[in-house]
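The data block below is target-v2.pdb; it holds PDB, C-alpha atoms.
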ATOM      1  CA  MET X  15       0.120  22.234   6.787  1.00  0.00           C
ATOM      2  CA  ARG X  16      -3.555  21.613   7.658  1.00  0.00           C
ATOM      3  CA  TYR X  17      -6.323  23.428   9.448  1.00  0.00           C
ATOM      4  CA  SER X  18      -6.772  21.414  12.634  1.00  0.00           C
ATOM      5  CA  VAL X  19     -10.565  21.282  12.361  1.00  0.00           C
ATOM      6  CA  LEU X  20     -10.920  17.815  10.815  1.00  0.00           C
ATOM      7  CA  ASP X  21     -12.527  15.192  13.022  1.00  0.00           C
ATOM      8  CA  TRP X  22     -10.027  12.473  12.155  1.00  0.00           C
ATOM      9  CA  MET X  23      -7.171  14.599  13.473  1.00  0.00           C
ATOM     10  CA  THR X  24      -8.587  14.319  16.987  1.00  0.00           C
ATOM     11  CA  ASP X  25      -9.695  10.687  16.776  1.00  0.00           C
ATOM     12  CA  GLU X  26      -8.174   9.132  19.882  1.00  0.00           C
ATOM     13  CA  PRO X  27      -7.996   5.481  18.681  1.00  0.00           C
ATOM     14  CA  PHE X  28      -6.229   6.673  15.536  1.00  0.00           C
ATOM     15  CA  GLU X  29      -3.879   8.804  17.610  1.00  0.00           C
ATOM     16  CA  ARG X  30      -3.052   5.715  19.707  1.00  0.00           C
ATOM     17  CA  TYR X  31      -2.264   3.864  16.491  1.00  0.00           C
ATOM     18  CA  LEU X  32       0.090   6.662  15.393  1.00  0.00           C
ATOM     19  CA  ARG X  33       1.894   6.422  18.730  1.00  0.00           C
ATOM     20  CA  THR X  34       2.102   2.628  18.398  1.00  0.00           C
ATOM     21  CA  VAL X  35       3.834   2.864  15.011  1.00  0.00           C
ATOM     22  CA  GLY X  36       6.016   5.797  16.031  1.00  0.00           C
ATOM     23  CA  GLU X  37       4.412   8.348  13.721  1.00  0.00           C
ATOM     24  CA  SER X  38       2.892  10.832  16.123  1.00  0.00           C
ATOM     25  CA  GLY X  39       4.605  14.074  17.044  1.00  0.00           C
ATOM     26  CA  ALA X  40       6.829  15.583  14.358  1.00  0.00           C
ATOM     27  CA  PHE X  41       6.000  12.868  11.799  1.00  0.00           C
ATOM     28  CA  ARG X  42       2.243  13.303  12.187  1.00  0.00           C
ATOM     29  CA  SER X  43       1.852  16.013   9.564  1.00  0.00           C
ATOM     30  CA  ILE X  44       3.815  13.986   6.996  1.00  0.00           C
ATOM     31  CA  ASN X  45       2.167  10.563   7.120  1.00  0.00           C
ATOM     32  CA  ALA X  46      -0.999  10.728   9.198  1.00  0.00           C
ATOM     33  CA  GLY X  47      -3.312  11.667   6.340  1.00  0.00           C
ATOM     34  CA  ARG X  48      -2.057   8.839   4.175  1.00  0.00           C
ATOM     35  CA  HIS X  49      -2.534   6.323   6.973  1.00  0.00           C
ATOM     36  CA  TRP X  50      -6.052   7.629   7.536  1.00  0.00           C
ATOM     37  CA  MET X  51      -6.887   6.988   3.888  1.00  0.00           C
ATOM     38  CA  VAL X  52      -5.707   3.371   4.202  1.00  0.00           C
ATOM     39  CA  TYR X  53      -7.899   3.055   7.282  1.00  0.00           C
ATOM     40  CA  GLU X  54     -10.926   4.479   5.446  1.00  0.00           C
ATOM     41  CA  LEU X  55     -10.451   2.599   2.164  1.00  0.00           C
ATOM     42  CA  LEU X  56     -10.254  -0.704   4.010  1.00  0.00           C
ATOM     43  CA  ARG X  57     -13.882  -0.167   4.970  1.00  0.00           C
ATOM     44  CA  LEU X  58     -14.901  -0.571   1.325  1.00  0.00           C
ATOM     45  CA  THR X  59     -13.697  -4.176   1.406  1.00  0.00           C
ATOM     46  CA  ASP X  60     -15.515  -5.462   4.492  1.00  0.00           C
ATOM     47  CA  ALA X  61     -17.901  -7.597   2.432  1.00  0.00           C
ATOM     48  CA  VAL X  62     -15.383  -8.441  -0.306  1.00  0.00           C
ATOM     49  CA  PRO X  63     -13.974 -11.950   0.027  1.00  0.00           C
ATOM     50  CA  GLY X  64     -10.252 -12.531  -0.329  1.00  0.00           C
ATOM     51  CA  ASP X  65      -6.996 -12.045   1.518  1.00  0.00           C
ATOM     52  CA  THR X  66      -5.007  -8.827   1.840  1.00  0.00           C
ATOM     53  CA  ALA X  67      -1.410  -8.100   0.858  1.00  0.00           C
ATOM     54  CA  GLU X  68       1.284  -5.464   1.133  1.00  0.00           C
ATOM     55  CA  CYS X  69       4.249  -5.098  -1.208  1.00  0.00           C
ATOM     56  CA  GLY X  70       6.890  -3.010   0.517  1.00  0.00           C
ATOM     57  CA  VAL X  71       6.396  -3.385   4.246  1.00  0.00           C
ATOM     58  CA  TYR X  72       9.095  -1.153   5.749  1.00  0.00           C
ATOM     59  CA  LEU X  73       8.212  -1.049   9.492  1.00  0.00           C
ATOM     60  CA  ALA X  74       4.662  -2.383   8.956  1.00  0.00           C
ATOM     61  CA  ALA X  75       2.745   0.787   9.845  1.00  0.00           C
ATOM     62  CA  SER X  76       0.222   0.227   7.043  1.00  0.00           C
ATOM     63  CA  SER X  77       0.096  -3.511   7.666  1.00  0.00           C
ATOM     64  CA  TYR X  78      -0.828  -2.799  11.280  1.00  0.00           C
ATOM     65  CA  LEU X  79      -3.944  -1.017  10.026  1.00  0.00           C
ATOM     66  CA  ILE X  80      -4.738  -3.847   7.628  1.00  0.00           C
ATOM     67  CA  CYS X  81      -4.267  -6.567  10.246  1.00  0.00           C
ATOM     68  CA  SER X  82      -6.383  -4.650  12.760  1.00  0.00           C
ATOM     69  CA  PHE X  83      -9.166  -4.411  10.194  1.00  0.00           C
ATOM     70  CA  ILE X  84      -9.253  -8.044   9.108  1.00  0.00           C
ATOM     71  CA  ALA X  85      -8.983  -9.243  12.704  1.00  0.00           C
ATOM     72  CA  ARG X  86     -12.564  -8.044  13.214  1.00  0.00           C
ATOM     73  CA  SER X  87     -13.842  -8.964   9.747  1.00  0.00           C
ATOM     74  CA  ALA X  88     -16.722 -11.403   9.465  1.00  0.00           C
ATOM     75  CA  LEU X  89     -14.979 -12.962   6.454  1.00  0.00           C
ATOM     76  CA  PRO X  90     -11.847 -15.082   6.996  1.00  0.00           C
ATOM     77  CA  LYS X  91      -8.814 -13.237   5.638  1.00  0.00           C
ATOM     78  CA  ASP X  92      -5.046 -13.603   5.896  1.00  0.00           C
ATOM     79  CA  HIS X  93      -2.536 -10.812   5.344  1.00  0.00           C
ATOM     80  CA  HIS X  94       0.562 -11.457   3.198  1.00  0.00           C
ATOM     81  CA  LEU X  95       3.622  -9.194   3.498  1.00  0.00           C
ATOM     82  CA  PHE X  96       6.359  -9.012   0.843  1.00  0.00           C
ATOM     83  CA  ASP X  97       9.631  -7.145   1.404  1.00  0.00           C
ATOM     84  CA  SER X  98      13.355  -7.774   1.038  1.00  0.00           C
ATOM     85  CA  PHE X  99      14.092  -5.873   4.270  1.00  0.00           C
ATOM     86  CA  GLU X 100      17.348  -5.002   2.517  1.00  0.00           C
ATOM     87  CA  GLY X 101      16.089  -1.662   1.222  1.00  0.00           C
ATOM     88  CA  LEU X 102      15.315  -0.765  -2.363  1.00  0.00           C
ATOM     89  CA  SER X 103      16.594  -2.624  -5.385  1.00  0.00           C
ATOM     90  CA  ALA X 104      18.676  -0.717  -7.933  1.00  0.00           C
ATOM     91  CA  PRO X 105      16.575   2.006  -9.608  1.00  0.00           C
ATOM     92  CA  ALA X 106      15.724   1.591 -13.289  1.00  0.00           C
ATOM     93  CA  PRO X 107      16.072   4.396 -15.856  1.00  0.00           C
ATOM     94  CA  GLN X 108      12.341   5.114 -15.402  1.00  0.00           C
ATOM     95  CA  ASP X 109      13.028   6.073 -11.766  1.00  0.00           C
ATOM     96  CA  GLY X 110      15.314   8.988 -12.588  1.00  0.00           C
ATOM     97  CA  THR X 111      18.712   9.523 -11.024  1.00  0.00           C
ATOM     98  CA  SER X 112      18.242  12.202  -8.379  1.00  0.00           C
ATOM     99  CA  HIS X 113      16.419  10.589  -5.450  1.00  0.00           C
ATOM    100  CA  TRP X 114      16.700   6.820  -4.816  1.00  0.00           C
ATOM    101  CA  GLN X 115      19.710   4.540  -4.542  1.00  0.00           C
ATOM    102  CA  ALA X 116      19.979   0.796  -3.999  1.00  0.00           C
ATOM    103  CA  ASN X 117      19.469  -0.216  -0.353  1.00  0.00           C
ATOM    104  CA  ASP X 118      17.730   3.017   0.631  1.00  0.00           C
ATOM    105  CA  LEU X 119      15.011   2.425   3.262  1.00  0.00           C
ATOM    106  CA  GLN X 120      16.664  -0.697   4.665  1.00  0.00           C
ATOM    107  CA  VAL X 121      15.077  -1.707   7.979  1.00  0.00           C
ATOM    108  CA  ASP X 122      15.304  -4.494  10.525  1.00  0.00           C
ATOM    109  CA  PHE X 123      12.991  -7.401   9.745  1.00  0.00           C
ATOM    110  CA  GLY X 124      12.687  -8.225  13.431  1.00  0.00           C
ATOM    111  CA  GLU X 125      11.247  -4.823  14.265  1.00  0.00           C
ATOM    112  CA  ALA X 126       8.529  -5.130  11.621  1.00  0.00           C
ATOM    113  CA  ALA X 127       7.720  -8.677  12.716  1.00  0.00           C
ATOM    114  CA  ARG X 128       7.480  -7.658  16.375  1.00  0.00           C
ATOM    115  CA  ARG X 129       5.062  -4.873  15.507  1.00  0.00           C
ATOM    116  CA  LEU X 130       2.630  -7.428  14.064  1.00  0.00           C
ATOM    117  CA  SER X 131       3.347 -10.215  16.545  1.00  0.00           C
ATOM    118  CA  LYS X 132      -0.131 -10.098  18.103  1.00  0.00           C
ATOM    119  CA  PHE X 133      -1.816 -10.800  14.763  1.00  0.00           C
ATOM    120  CA  GLN X 134      -2.064 -14.521  14.035  1.00  0.00           C
ATOM    121  CA  ASN X 135      -3.022 -14.099  10.366  1.00  0.00           C
ATOM    122  CA  ALA X 136       0.038 -12.073   9.251  1.00  0.00           C
ATOM    123  CA  HIS X 137       2.448 -13.980   7.003  1.00  0.00           C
ATOM    124  CA  PHE X 138       5.865 -12.584   6.001  1.00  0.00           C
ATOM    125  CA  TYR X 139       7.613 -13.456   2.716  1.00  0.00           C
ATOM    126  CA  LYS X 140      11.116 -12.086   3.040  1.00  0.00           C
ATOM    127  CA  GLY X 141      12.775 -11.685  -0.361  1.00  0.00           C
ATOM    128  CA  TRP X 142      12.991  -9.509  -3.429  1.00  0.00           C
ATOM    129  CA  ILE X 143       9.799  -8.784  -5.330  1.00  0.00           C
ATOM    130  CA  PRO X 144       8.514 -10.780  -7.213  1.00  0.00           C
ATOM    131  CA  ASP X 145      10.519 -13.869  -6.153  1.00  0.00           C
ATOM    132  CA  ARG X 146       8.005 -15.199  -3.616  1.00  0.00           C
ATOM    133  CA  PHE X 147       4.727 -14.146  -5.215  1.00  0.00           C
ATOM    134  CA  ASN X 148       4.271 -17.682  -6.529  1.00  0.00           C
ATOM    135  CA  GLU X 149       3.610 -18.834  -2.947  1.00  0.00           C
ATOM    136  CA  VAL X 150       0.231 -17.053  -3.001  1.00  0.00           C
ATOM    137  CA  ALA X 151      -0.594 -17.660  -6.666  1.00  0.00           C
ATOM    138  CA  ASP X 152      -3.694 -19.682  -5.748  1.00  0.00           C
ATOM    139  CA  ARG X 153      -5.154 -16.953  -3.488  1.00  0.00           C
ATOM    140  CA  ARG X 154      -7.752 -14.297  -4.214  1.00  0.00           C
ATOM    141  CA  PHE X 155      -7.502 -10.817  -2.721  1.00  0.00           C
ATOM    142  CA  SER X 156      -9.710  -8.003  -1.473  1.00  0.00           C
ATOM    143  CA  PHE X 157      -7.075  -5.375  -0.627  1.00  0.00           C
ATOM    144  CA  LEU X 158      -3.555  -4.613  -1.829  1.00  0.00           C
ATOM    145  CA  HIS X 159      -1.152  -1.910  -0.644  1.00  0.00           C
ATOM    146  CA  ILE X 160       1.844  -1.271  -2.931  1.00  0.00           C
ATOM    147  CA  ASP X 161       4.660   0.824  -1.470  1.00  0.00           C
ATOM    148  CA  VAL X 162       7.893  -0.056  -3.260  1.00  0.00           C
ATOM    149  CA  ASP X 163       8.810   3.375  -4.719  1.00  0.00           C
ATOM    150  CA  LEU X 164      10.421   2.090  -7.932  1.00  0.00           C
ATOM    151  CA  TYR X 165       9.271   1.159 -11.437  1.00  0.00           C
ATOM    152  CA  GLU X 166      10.133  -2.529 -11.649  1.00  0.00           C
ATOM    153  CA  PRO X 167       8.749  -3.801  -8.307  1.00  0.00           C
ATOM    154  CA  THR X 168       5.628  -1.636  -8.740  1.00  0.00           C
ATOM    155  CA  ARG X 169       5.104  -3.105 -12.228  1.00  0.00           C
ATOM    156  CA  ASP X 170       5.631  -6.655 -10.958  1.00  0.00           C
ATOM    157  CA  SER X 171       3.303  -6.126  -7.994  1.00  0.00           C
ATOM    158  CA  ILE X 172       0.301  -4.815  -9.889  1.00  0.00           C
ATOM    159  CA  ALA X 173       0.809  -7.302 -12.733  1.00  0.00           C
ATOM    160  CA  PHE X 174       0.656 -10.213 -10.280  1.00  0.00           C
ATOM    161  CA  PHE X 175      -2.128  -9.067  -7.984  1.00  0.00           C
ATOM    162  CA  TYR X 176      -4.525  -7.224 -10.299  1.00  0.00           C
ATOM    163  CA  PRO X 177      -5.807 -10.443 -11.968  1.00  0.00           C
ATOM    164  CA  ARG X 178      -6.232 -11.996  -8.505  1.00  0.00           C
ATOM    165  CA  MET X 179      -8.319  -9.150  -7.054  1.00  0.00           C
ATOM    166  CA  ASN X 180     -11.982  -9.890  -6.477  1.00  0.00           C
ATOM    167  CA  VAL X 181     -14.574  -7.415  -7.749  1.00  0.00           C
ATOM    168  CA  GLY X 182     -14.867  -4.608  -5.223  1.00  0.00           C
ATOM    169  CA  GLY X 183     -11.308  -5.085  -4.019  1.00  0.00           C
ATOM    170  CA  VAL X 184      -9.125  -2.020  -3.477  1.00  0.00           C
ATOM    171  CA  ILE X 185      -5.571  -1.443  -4.728  1.00  0.00           C
ATOM    172  CA  ILE X 186      -3.592   1.433  -3.225  1.00  0.00           C
ATOM    173  CA  CYS X 187      -0.248   2.599  -4.605  1.00  0.00           C
ATOM    174  CA  ASP X 188       1.359   4.715  -1.898  1.00  0.00           C
ATOM    175  CA  ASP X 189       3.926   6.245  -4.279  1.00  0.00           C
ATOM    176  CA  TYR X 190       1.563   7.193  -7.098  1.00  0.00           C
ATOM    177  CA  GLY X 191       1.772  10.813  -8.183  1.00  0.00           C
ATOM    178  CA  PHE X 192       4.978  11.686  -6.332  1.00  0.00           C
ATOM    179  CA  ALA X 193       7.682  13.535  -8.258  1.00  0.00           C
ATOM    180  CA  THR X 194      10.202  11.472  -6.263  1.00  0.00           C
ATOM    181  CA  CYS X 195       8.693   8.222  -7.584  1.00  0.00           C
ATOM    182  CA  PRO X 196       8.111   8.763 -11.323  1.00  0.00           C
ATOM    183  CA  GLY X 197       8.757   5.100 -12.046  1.00  0.00           C
ATOM    184  CA  ALA X 198       5.978   3.931  -9.739  1.00  0.00           C
ATOM    185  CA  THR X 199       3.460   6.240 -11.406  1.00  0.00           C
ATOM    186  CA  LYS X 200       4.633   5.154 -14.858  1.00  0.00           C
ATOM    187  CA  ALA X 201       4.370   1.456 -13.987  1.00  0.00           C
ATOM    188  CA  ILE X 202       0.792   1.823 -12.752  1.00  0.00           C
ATOM    189  CA  ASP X 203      -0.356   3.939 -15.700  1.00  0.00           C
ATOM    190  CA  GLU X 204       1.221   1.585 -18.219  1.00  0.00           C
ATOM    191  CA  TYR X 205      -0.402  -1.480 -16.685  1.00  0.00           C
ATOM    192  CA  LEU X 206      -3.834   0.132 -16.445  1.00  0.00           C
ATOM    193  CA  ARG X 207      -3.740   1.584 -19.960  1.00  0.00           C
ATOM    194  CA  ASP X 208      -6.071  -1.112 -21.335  1.00  0.00           C
ATOM    195  CA  LYS X 209      -7.986  -1.720 -18.082  1.00  0.00           C
ATOM    196  CA  PRO X 210     -11.364  -0.156 -17.209  1.00  0.00           C
ATOM    197  CA  GLU X 211     -10.056   1.074 -13.852  1.00  0.00           C
ATOM    198  CA  LYS X 212      -7.644   3.986 -13.528  1.00  0.00           C
ATOM    199  CA  MET X 213      -5.723   5.156 -10.478  1.00  0.00           C
ATOM    200  CA  MET X 214      -7.458   7.934  -8.544  1.00  0.00           C
ATOM    201  CA  THR X 215      -4.918  10.375  -7.106  1.00  0.00           C
ATOM    202  CA  LEU X 216      -5.268  11.233  -3.420  1.00  0.00           C
ATOM    203  CA  SER X 217      -4.603  14.753  -2.191  1.00  0.00           C
ATOM    204  CA  ASP X 218      -2.002  13.621   0.360  1.00  0.00           C
ATOM    205  CA  GLY X 219      -0.163  11.515  -2.215  1.00  0.00           C
ATOM    206  CA  GLY X 220      -0.744   8.032  -3.515  1.00  0.00           C
ATOM    207  CA  GLY X 221      -3.733   6.702  -5.398  1.00  0.00           C
ATOM    208  CA  PHE X 222      -6.311   3.939  -5.394  1.00  0.00           C
ATOM    209  CA  LEU X 223      -8.699   1.999  -7.596  1.00  0.00           C
ATOM    210  CA  ILE X 224     -11.613  -0.320  -6.987  1.00  0.00           C
ATOM    211  CA  LYS X 225     -11.562  -3.511  -9.032  1.00  0.00           C
ATOM    212  CA  GLY X 226     -14.532  -3.659 -11.372  1.00  0.00           C
ATOM    213  CA  ILE X 227     -15.449   0.043 -11.101  1.00  0.00           C
ATOM    214  CA  PRO X 228     -14.638   1.771 -14.415  1.00  0.00           C
ATOM    215  CA  THR X 229     -12.897   5.133 -14.061  1.00  0.00           C
ATOM    216  CA  SER X 230     -12.720   7.915 -16.617  1.00  0.00           C
ATOM    217  CA  ASP X 231      -9.433   9.300 -17.835  1.00  0.00           C
ATOM    218  CA  LEU X 232      -8.401  12.724 -16.598  1.00  0.00           C
ATOM    219  CA  TYR X 233     -10.505  15.425 -18.213  1.00  0.00           C
ATOM    220  CA  ARG X 234      -9.710  19.023 -19.091  1.00  0.00           C
ATOM    221  CA  LEU X 235     -11.233  21.523 -16.690  1.00  0.00           C
ATOM    222  CA  ALA X 236     -13.454  24.140 -18.324  1.00  0.00           C
TER     223      ALA X 236
END

Show me this structure written as structure tokens.
Amino acid sequence: MRYSVLDWMTDEPFERYLRTVGESGAFRSINAGRHWMVYELLRLTDAVPGDTAECGVYLAASSYLICSFIARSALPKDHHLFDSFEGLSAPAPQDGTSHWQANDLQVDFGEAARRLSKFQNAHFYKGWIPDRFNEVADRRFSFLHIDVDLYEPTRDSIAFFYPRMNVGGVIICDDYGFATCPGATKAIDEYLRDKPEKMMTLSDGGGFLIKGIPTSDLYRLA
């Protein structure tokens, strides 16, 4: 689906990462671009103090990128991972009825934990969102990756972490702008309605914002 003339597509360290997380080969064209954007957006937060977090861990492919980044950061940072590892919760009416069902995307906790076992600053909070958020209520954050597909956990995730993001911190919502995840997009847009930042849609799916950087609403093309 892409012209293979982009430098990142032949970046050998990134290709090794894709092999490590099992997303080379046939899966490369589906997820590689989205992982590359996580990798690039992390760079914006190098000088931003605060921990990192992921809501919706699955097999920890994105968290591997985050942990690799903060392992070489000059600022001390811990990474906090929230997931039930029992799959999705029951969809709400805002999620539609044609795509997701309860317990979709269930994975083995042990496999995700093993993937991050070499990182000493990775902390798992196994449970339904937002049940364990209170355990990091006193922390500040520089980077947040939300990937929970559904309206309610997306709403709960951004509502908890947005006020705890330091200026310059980055929030990514992996599911933003997908027709299969209308509830996630709705939850983000509703929460940001009275905020200066708005979610910027990425061409490979998902979106991001930078805390403290005002963003215009969508405008009509001439």

Nearest to X:Gln108 by atom-to-atom distance, counting all atoms listed in the file, from X:Val184, X:Leu164, X:Ala193, X:Val52: X:Leu164

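For the atom pair formed by atom CA of X:Asp188 and atom CA of X:Gly219, the distance is 7.0 Å, given to one decimal.
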
X:His49 surroundings by all atoms listed in the file, 7 Å radius, close-in-sequence under 4 positions cut, as a PyMOL selection string: chain X and resi 45+53+76

Neighbouring residues of X:His137 were defined as those with any atom within 9 Å, considering only C-alpha atoms; residues of the same chain fewer than 3 positions away were excluded. Please report them as a ChimeraX atom specification. /X:92-96,134

So which one's closest to X:Tyr165, X:Cys195, X:Ala151, X:Ala136, X:Ile186? Using only C-alpha atoms, please.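 Smallest distance to X:Tyr165 is found for X:Cys195.
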
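Remark: for X:Met214, the closest of the candidate residues X:Cys187, X:Leu119, X:Ala61, X:Ala198 is X:Cys187 (distances computed over all atoms listed in the file).
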
Given the file above and the PyMOL selection byres ((chain X and resi 205) around 12), which residues are selected, and can you give them as an MDAnalysis selection string? chainID X and resid 165:166 168:177 198:204 206:213

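Rounded to one decimal, atom CA of X:Asp65 and atom CA of X:Lys91 lie 4.7 Å from each other.
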
The PyMOL selection byres ((chain X and resi 36) around 12) - which residues does that actually catch in the file I just gave you? List them as a count of residues only. 21

Nearest residue to X:Trp50 out of X:Leu235, X:Ala127, X:Cys81, X:Met23, using all atoms listed in the file?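 That would be X:Met23, the residue with the smallest distance to X:Trp50.
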
Resolved residues for the PyMOL selection byres ((chain X and resi 102-105) around 9) as a ChimeraX atom specification: /X:98-101,106-111,114-120,142,162-167,197

What does the distance from atom CA of X:Arg57 to atom CA of X:Gly124 come to in Å, to one decimal?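 Computed distance, atom CA of X:Arg57 to atom CA of X:Gly124, equals 29.0 Å.
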
Taking only C-alpha atoms into account, name the residue in X:Gly70, X:Arg234, X:Lys140, X:Arg153 that is nearest to X:Arg178. X:Arg153

Would you compute the box with edges along x, y and z of the file around stretch 215-231 of chain X, including every atom the file lists for it and 8 Å extra on each side, and give its centre and edge lengths in Å to one decimal, as AutoDock Vina command-line options?
--center_x -7.8 --center_y 5.5 --center_z -8.7 --size_x 31.3 --size_y 34.4 --size_z 34.2

Give me the residues near X:Ser156 as a PyMOL selection string, where near means some atom within 7 Å (using all atoms listed in the file) and where sequence neighbours in that chain fewer than 5 positions away do not count. chain X and resi 59+62-66+179-180+183-184

From X:Phe157, X:Phe133, X:Trp22, X:Phe192, residue lying nearest X:Ile224 [only C-alpha atoms]: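 Counting only C-alpha atoms, the residue closest to X:Ile224 is X:Phe157.
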
Taking 3 positions as the minimum chain separation for residues in the same chain, which residues sit within 9 Å of X:Leu216 when counting all atoms listed in the file? Answer as a list in words.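 That gives Arg48, Met51, Tyr190, Gly191, Gly219, Gly220, Gly221 and Phe222 of chain X.
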
Take the selection from the previous step and output its residues with C-alpha atoms, as a PDB file, keeping the file's coordinate frame.
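Final output, result01.pdb:
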ATOM      1  CA  ARG X  48      -2.057   8.839   4.175  1.00  0.00           C
ATOM      2  CA  MET X  51      -6.887   6.988   3.888  1.00  0.00           C
ATOM      3  CA  TYR X 190       1.563   7.193  -7.098  1.00  0.00           C
ATOM      4  CA  GLY X 191       1.772  10.813  -8.183  1.00  0.00           C
ATOM      5  CA  GLY X 219      -0.163  11.515  -2.215  1.00  0.00           C
ATOM      6  CA  GLY X 220      -0.744   8.032  -3.515  1.00  0.00           C
ATOM      7  CA  GLY X 221      -3.733   6.702  -5.398  1.00  0.00           C
ATOM      8  CA  PHE X 222      -6.311   3.939  -5.394  1.00  0.00           C
TER       9      PHE X 222
END

Would you kindly place N, CA and C atoms on stretch 118-132 of chain X and return the model as a PDB file, in the frame of the given file?
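The file below, out10.pdb, is the result:
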ATOM      1  N   ASP X 118      18.447   2.010  -0.143  1.00  0.00           N
ATOM      2  CA  ASP X 118      17.730   3.017   0.631  1.00  0.00           C
ATOM      3  C   ASP X 118      16.539   2.369   1.331  1.00  0.00           C
ATOM      4  N   LEU X 119      16.171   2.868   2.482  1.00  0.00           N
ATOM      5  CA  LEU X 119      15.011   2.425   3.262  1.00  0.00           C
ATOM      6  C   LEU X 119      15.190   1.024   3.845  1.00  0.00           C
ATOM      7  N   GLN X 120      16.416   0.599   4.034  1.00  0.00           N
ATOM      8  CA  GLN X 120      16.664  -0.697   4.665  1.00  0.00           C
ATOM      9  C   GLN X 120      16.247  -0.642   6.133  1.00  0.00           C
ATOM     10  N   VAL X 121      15.531  -1.652   6.595  1.00  0.00           N
ATOM     11  CA  VAL X 121      15.077  -1.707   7.979  1.00  0.00           C
ATOM     12  C   VAL X 121      15.280  -3.107   8.543  1.00  0.00           C
ATOM     13  N   ASP X 122      15.130  -3.217   9.839  1.00  0.00           N
ATOM     14  CA  ASP X 122      15.304  -4.494  10.525  1.00  0.00           C
ATOM     15  C   ASP X 122      14.028  -5.322  10.423  1.00  0.00           C
ATOM     16  N   PHE X 123      14.146  -6.515   9.873  1.00  0.00           N
ATOM     17  CA  PHE X 123      12.991  -7.401   9.745  1.00  0.00           C
ATOM     18  C   PHE X 123      12.359  -7.691  11.097  1.00  0.00           C
ATOM     19  N   GLY X 124      13.197  -7.887  12.109  1.00  0.00           N
ATOM     20  CA  GLY X 124      12.687  -8.225  13.431  1.00  0.00           C
ATOM     21  C   GLY X 124      11.778  -7.158  13.997  1.00  0.00           C
ATOM     22  N   GLU X 125      12.087  -5.898  13.745  1.00  0.00           N
ATOM     23  CA  GLU X 125      11.247  -4.823  14.265  1.00  0.00           C
ATOM     24  C   GLU X 125       9.871  -4.837  13.614  1.00  0.00           C
ATOM     25  N   ALA X 126       9.818  -5.047  12.300  1.00  0.00           N
ATOM     26  CA  ALA X 126       8.529  -5.130  11.621  1.00  0.00           C
ATOM     27  C   ALA X 126       7.733  -6.335  12.108  1.00  0.00           C
ATOM     28  N   ALA X 127       8.407  -7.466  12.258  1.00  0.00           N
ATOM     29  CA  ALA X 127       7.720  -8.677  12.716  1.00  0.00           C
ATOM     30  C   ALA X 127       7.177  -8.503  14.130  1.00  0.00           C
ATOM     31  N   ARG X 128       7.950  -7.880  15.003  1.00  0.00           N
ATOM     32  CA  ARG X 128       7.480  -7.658  16.375  1.00  0.00           C
ATOM     33  C   ARG X 128       6.251  -6.760  16.410  1.00  0.00           C
ATOM     34  N   ARG X 129       6.198  -5.789  15.525  1.00  0.00           N
ATOM     35  CA  ARG X 129       5.062  -4.873  15.507  1.00  0.00           C
ATOM     36  C   ARG X 129       3.765  -5.602  15.200  1.00  0.00           C
ATOM     37  N   LEU X 130       3.838  -6.683  14.440  1.00  0.00           N
ATOM     38  CA  LEU X 130       2.630  -7.428  14.064  1.00  0.00           C
ATOM     39  C   LEU X 130       2.497  -8.733  14.822  1.00  0.00           C
ATOM     40  N   SER X 131       3.276  -8.912  15.877  1.00  0.00           N
ATOM     41  CA  SER X 131       3.347 -10.215  16.545  1.00  0.00           C
ATOM     42  C   SER X 131       2.021 -10.651  17.170  1.00  0.00           C
ATOM     43  N   LYS X 132       1.137  -9.715  17.484  1.00  0.00           N
ATOM     44  CA  LYS X 132      -0.131 -10.098  18.103  1.00  0.00           C
ATOM     45  C   LYS X 132      -1.175 -10.558  17.083  1.00  0.00           C
TER      46      LYS X 132
END
